[in-house]
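Visitor: Here it is, the structure, as structure tokens.
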Amino acid sequence: AQRLAHARLLCLEPPIAPLPPARGYKPGEPLRALMACNLIERKGVLPFLQTLSALAPEGDWRLDIVGRTDLQEEYARECARTIEGSQALAGHVILHGAVSHAQMSPRYQGAHLLLSASAMESFGIALQEARYHGLPILAVRGGNSENHLRDGGTGLVFGDADHLARHFADLLVDSTQLIDLARAAMDERPSEAPSWDSHCDRLLSQLEEWFARD
């Protein structure tokens, strides 16, 4: 931070264009949740699953976890063993592995909310994509994660993966709160998505301003 105190900085979020379709949440629908992250320790998936395995109710619900499993293979295997060894999670929590970027939008469209147990997100592309799809976000506080949502409005922020799992389990029993979160996420969904063209325009304008000062 000290080295960059006098630097010229321009932050451009990753483009999302065109604006993707959104589906929202209809009361009474079986809850469908999504995690989009690589299975590495920093993402907090294992402690989330371990807590959820003791609390998840029976019924029609599903959590899809999308992300690479080859970066910390033993960690990924432990996540898989936790699911397979839990009567509460088996058949409800699905590890899909890595998928292409083109396949991600249908994943968001098929979900009612995004879960992020990550202890640190420098930006959080999955959270940004969920926001543009109109999904409420339940996230662990860390880095830039909480800046993708309005706590208590378009999502909820938690101190750790354990508390995230406990609240998700509560939503599986009573989804009343999800109705309000989903409505707010849809209402506050950005009306326009940033594109490469708009980013290039911003970059060129900023460069022209900087060089004009020199």
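Residues are named by chain letter and number: chains run A, B, ... in the order of the structure tokens, numbers start at 1 in each chain, and ligands are numbered from 1 in the order shown.
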Per residue of segment 158-210 of chain A within 10 Å of segment 126-138 of chain A, record the nearest atom pair and its distance in Å to one decimal, counting only C-alpha atoms, with rows in chain order and ascending residue number, as a tab-separated table.
Guide:
```
residue	atom	partner	partner_atom	distance
A:Phe158	CA	A:Leu138	CA	7.7
A:Leu164	CA	A:Leu138	CA	7.1
A:Ala165	CA	A:Leu138	CA	9.6
A:His167	CA	A:Leu138	CA	9.0
A:Phe168	CA	A:Leu138	CA	8.3
A:Leu178	CA	A:Pro136	CA	8.1
A:Ile179	CA	A:Pro136	CA	9.7
A:Asp180	CA	A:Pro136	CA	9.4
A:Leu181	CA	A:Pro136	CA	5.8
A:Ala182	CA	A:Pro136	CA	5.4
A:Arg183	CA	A:Pro136	CA	8.5
A:Ala184	CA	A:Pro136	CA	7.8
A:Ala185	CA	A:Gly134	CA	5.2
A:Met186	CA	A:Gly134	CA	4.6
A:Asp187	CA	A:Gly134	CA	8.0
A:Glu188	CA	A:Gly134	CA	7.8
A:Arg189	CA	A:Gly134	CA	5.2
A:Pro190	CA	A:Tyr132	CA	6.1
A:Ser191	CA	A:Tyr132	CA	8.6
A:Glu192	CA	A:Tyr132	CA	8.7
A:Ala193	CA	A:Tyr132	CA	7.4
```
Visitor: Pull the helix (DSSP H, G or I) assignments for segment 12-200 of chain A out of DSSP run on the backbone, and list those residues as a PyMOL selection string.
Guide: chain A and resi 41-43+45-55+73-84+101-109+125-132+145-148+161-173+176-187+196-200
Visitor: I need the residue nearest Asp160 of chain A from this list: A:Leu172, A:Leu95, A:Ala80, A:Ala119. Use only C-alpha atoms for the distance.
Guide: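 The shortest atom-to-atom distance to Asp160 of chain A comes from A:Ala119.
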Visitor: Just list the residues in segment 109-166 of chain A DSSP gives strand (DSSP E or B) on the backbone, as a list in words.
Guide: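 After running DSSP on the backbone, segment 109-166 of chain A has strand (DSSP E or B) at Leu113, Leu114, Leu115, Ser116, Glu121, Ile137, Leu138, Ala139, Val140, Gly143, Asp151, Gly155, Leu156, Val157 and Phe158 of chain A.
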Visitor: So which residues touch Trp61 of chain A within 10 Å, counting only C-alpha atoms, skipping near sequence neighbours fewer than 6 positions away, as a ChimeraX atom specification?
Guide: /A:29-33,89,91-93,172
Visitor: May I have the residues within 12 Å of Phe123 of chain A as a list in words, using only C-alpha atoms and disregarding those fewer than 5 positions away in the same chain?
Guide: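 Final neighbour list, sorted by chain and number: Cys11, Leu12, Glu13, Pro14, Ser118, Gln128, Glu129, Gly142, Gly143, Asn144, Ser145, Glu146, Asn147 and His148 of chain A.
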Visitor: Write to file, as a tab-separated table (two decimals), in the first residue's frame, the residues of the selection just made, with all heavy atoms.
Guide:
```tsv
chain	number	residue	atom	x	y	z
A	11	CYS	N	-8.82	0.45	-11.76
A	11	CYS	CA	-9.34	-0.89	-11.51
A	11	CYS	C	-10.54	-1.14	-12.41
A	11	CYS	O	-11.53	-0.40	-12.37
A	11	CYS	CB	-9.75	-1.04	-10.05
A	11	CYS	SG	-10.43	-2.67	-9.65
A	12	LEU	N	-10.47	-2.18	-13.23
A	12	LEU	CA	-11.55	-2.56	-14.12
A	12	LEU	C	-12.02	-3.96	-13.75
A	12	LEU	O	-11.24	-4.91	-13.77
A	12	LEU	CB	-11.08	-2.55	-15.58
A	12	LEU	CG	-10.61	-1.20	-16.12
A	12	LEU	CD1	-10.03	-1.38	-17.52
A	12	LEU	CD2	-11.75	-0.20	-16.16
A	13	GLU	N	-13.29	-4.10	-13.37
A	13	GLU	CA	-13.82	-5.41	-13.05
A	13	GLU	C	-13.87	-6.26	-14.31
A	13	GLU	O	-14.00	-5.75	-15.42
A	13	GLU	CB	-15.23	-5.28	-12.48
A	13	GLU	CG	-15.29	-4.59	-11.14
A	13	GLU	CD	-16.68	-4.64	-10.53
A	13	GLU	OE1	-17.59	-5.20	-11.19
A	13	GLU	OE2	-16.86	-4.14	-9.41
A	14	PRO	N	-13.77	-7.59	-14.17
A	14	PRO	CA	-13.87	-8.47	-15.34
A	14	PRO	C	-15.17	-8.23	-16.10
A	14	PRO	O	-16.23	-8.09	-15.48
A	14	PRO	CB	-13.83	-9.88	-14.73
A	14	PRO	CG	-13.13	-9.70	-13.43
A	14	PRO	CD	-13.52	-8.35	-12.93
A	118	SER	N	-15.00	-19.03	1.15
A	118	SER	CA	-13.60	-18.66	0.99
A	118	SER	C	-13.14	-17.69	2.07
A	118	SER	O	-13.83	-16.70	2.36
A	118	SER	CB	-13.39	-18.03	-0.39
A	118	SER	OG	-12.06	-17.61	-0.55
A	128	GLN	N	-19.13	-11.93	-8.37
A	128	GLN	CA	-19.54	-10.92	-9.33
A	128	GLN	C	-20.53	-11.50	-10.34
A	128	GLN	O	-21.57	-10.90	-10.64
A	128	GLN	CB	-18.34	-10.35	-10.06
A	128	GLN	CG	-18.70	-9.26	-11.06
A	128	GLN	CD	-17.72	-9.16	-12.22
A	128	GLN	OE1	-17.10	-10.15	-12.59
A	128	GLN	NE2	-17.59	-7.98	-12.80
A	129	GLU	N	-20.23	-12.69	-10.86
A	129	GLU	CA	-21.12	-13.31	-11.83
A	129	GLU	C	-22.48	-13.63	-11.22
A	129	GLU	O	-23.52	-13.46	-11.86
A	129	GLU	CB	-20.46	-14.56	-12.40
A	129	GLU	CG	-19.24	-14.26	-13.26
A	129	GLU	CD	-18.54	-15.50	-13.76
A	129	GLU	OE1	-18.68	-16.57	-13.14
A	129	GLU	OE2	-17.84	-15.41	-14.78
A	142	GLY	N	-13.87	-11.91	3.90
A	142	GLY	CA	-12.45	-12.08	3.58
A	142	GLY	C	-12.10	-11.41	2.27
A	142	GLY	O	-12.67	-11.74	1.23
A	143	GLY	N	-11.20	-10.43	2.32
A	143	GLY	CA	-10.81	-9.73	1.11
A	143	GLY	C	-11.97	-8.92	0.55
A	143	GLY	O	-12.64	-8.17	1.26
A	144	ASN	N	-12.27	-9.14	-0.73
A	144	ASN	CA	-13.28	-8.35	-1.43
A	144	ASN	C	-14.67	-8.99	-1.42
A	144	ASN	O	-15.61	-8.44	-1.99
A	144	ASN	CB	-12.84	-8.13	-2.89
A	144	ASN	CG	-13.63	-7.05	-3.59
A	144	ASN	OD1	-13.73	-5.92	-3.12
A	144	ASN	ND2	-14.21	-7.40	-4.72
A	145	SER	N	-14.82	-10.13	-0.77
A	145	SER	CA	-16.08	-10.89	-0.86
A	145	SER	C	-17.30	-10.05	-0.51
A	145	SER	O	-18.29	-10.01	-1.25
A	145	SER	CB	-16.03	-12.13	0.04
A	145	SER	OG	-15.07	-13.05	-0.43
A	146	GLU	N	-17.26	-9.39	0.65
A	146	GLU	CA	-18.46	-8.72	1.13
A	146	GLU	C	-18.82	-7.49	0.30
A	146	GLU	O	-19.93	-6.96	0.41
A	146	GLU	CB	-18.30	-8.33	2.59
A	146	GLU	CG	-17.16	-7.39	2.88
A	146	GLU	CD	-16.93	-7.25	4.37
A	146	GLU	OE1	-17.80	-6.70	5.08
A	146	GLU	OE2	-15.87	-7.71	4.84
A	147	ASN	N	-17.91	-7.03	-0.56
A	147	ASN	CA	-18.21	-5.88	-1.41
A	147	ASN	C	-19.12	-6.24	-2.58
A	147	ASN	O	-19.57	-5.35	-3.31
A	147	ASN	CB	-16.93	-5.25	-1.93
A	147	ASN	CG	-16.11	-4.61	-0.82
A	147	ASN	OD1	-16.67	-4.07	0.13
A	147	ASN	ND2	-14.80	-4.68	-0.93
A	148	HIS	N	-19.39	-7.54	-2.76
A	148	HIS	CA	-20.29	-7.98	-3.82
A	148	HIS	C	-21.74	-8.06	-3.37
A	148	HIS	O	-22.60	-8.45	-4.15
A	148	HIS	CB	-19.85	-9.34	-4.36
A	148	HIS	CG	-18.59	-9.30	-5.15
A	148	HIS	ND1	-18.53	-8.84	-6.45
A	148	HIS	CD2	-17.31	-9.67	-4.83
A	148	HIS	CE1	-17.29	-8.93	-6.90
A	148	HIS	NE2	-16.55	-9.42	-5.94
```
Visitor: For Cys79 of chain A, work out the shell of residues within 9 Å, counting only C-alpha atoms and skipping chain neighbours fewer than 5 positions away, then give it as a list in words.
Guide: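 So the residues in contact are Leu39, Val45, Leu46, Pro47, Leu49, Gln50, Glu74, Glu84 and Leu95 of chain A.
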Visitor: To one decimal place, how far is atom CA of Asn38 of chain A from atom CA of Arg68 of chain A in Å?
Guide: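 Pair atom CA of Asn38 of chain A / atom CA of Arg68 of chain A returns 4.6 Å.
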Visitor: Write out as a PyMOL selection string which residues come within 8 Å of Ala17 of chain A when counting only C-alpha atoms, dropping same-chain ones fewer than 3 positions away.
Guide: chain A and resi 20+193-195
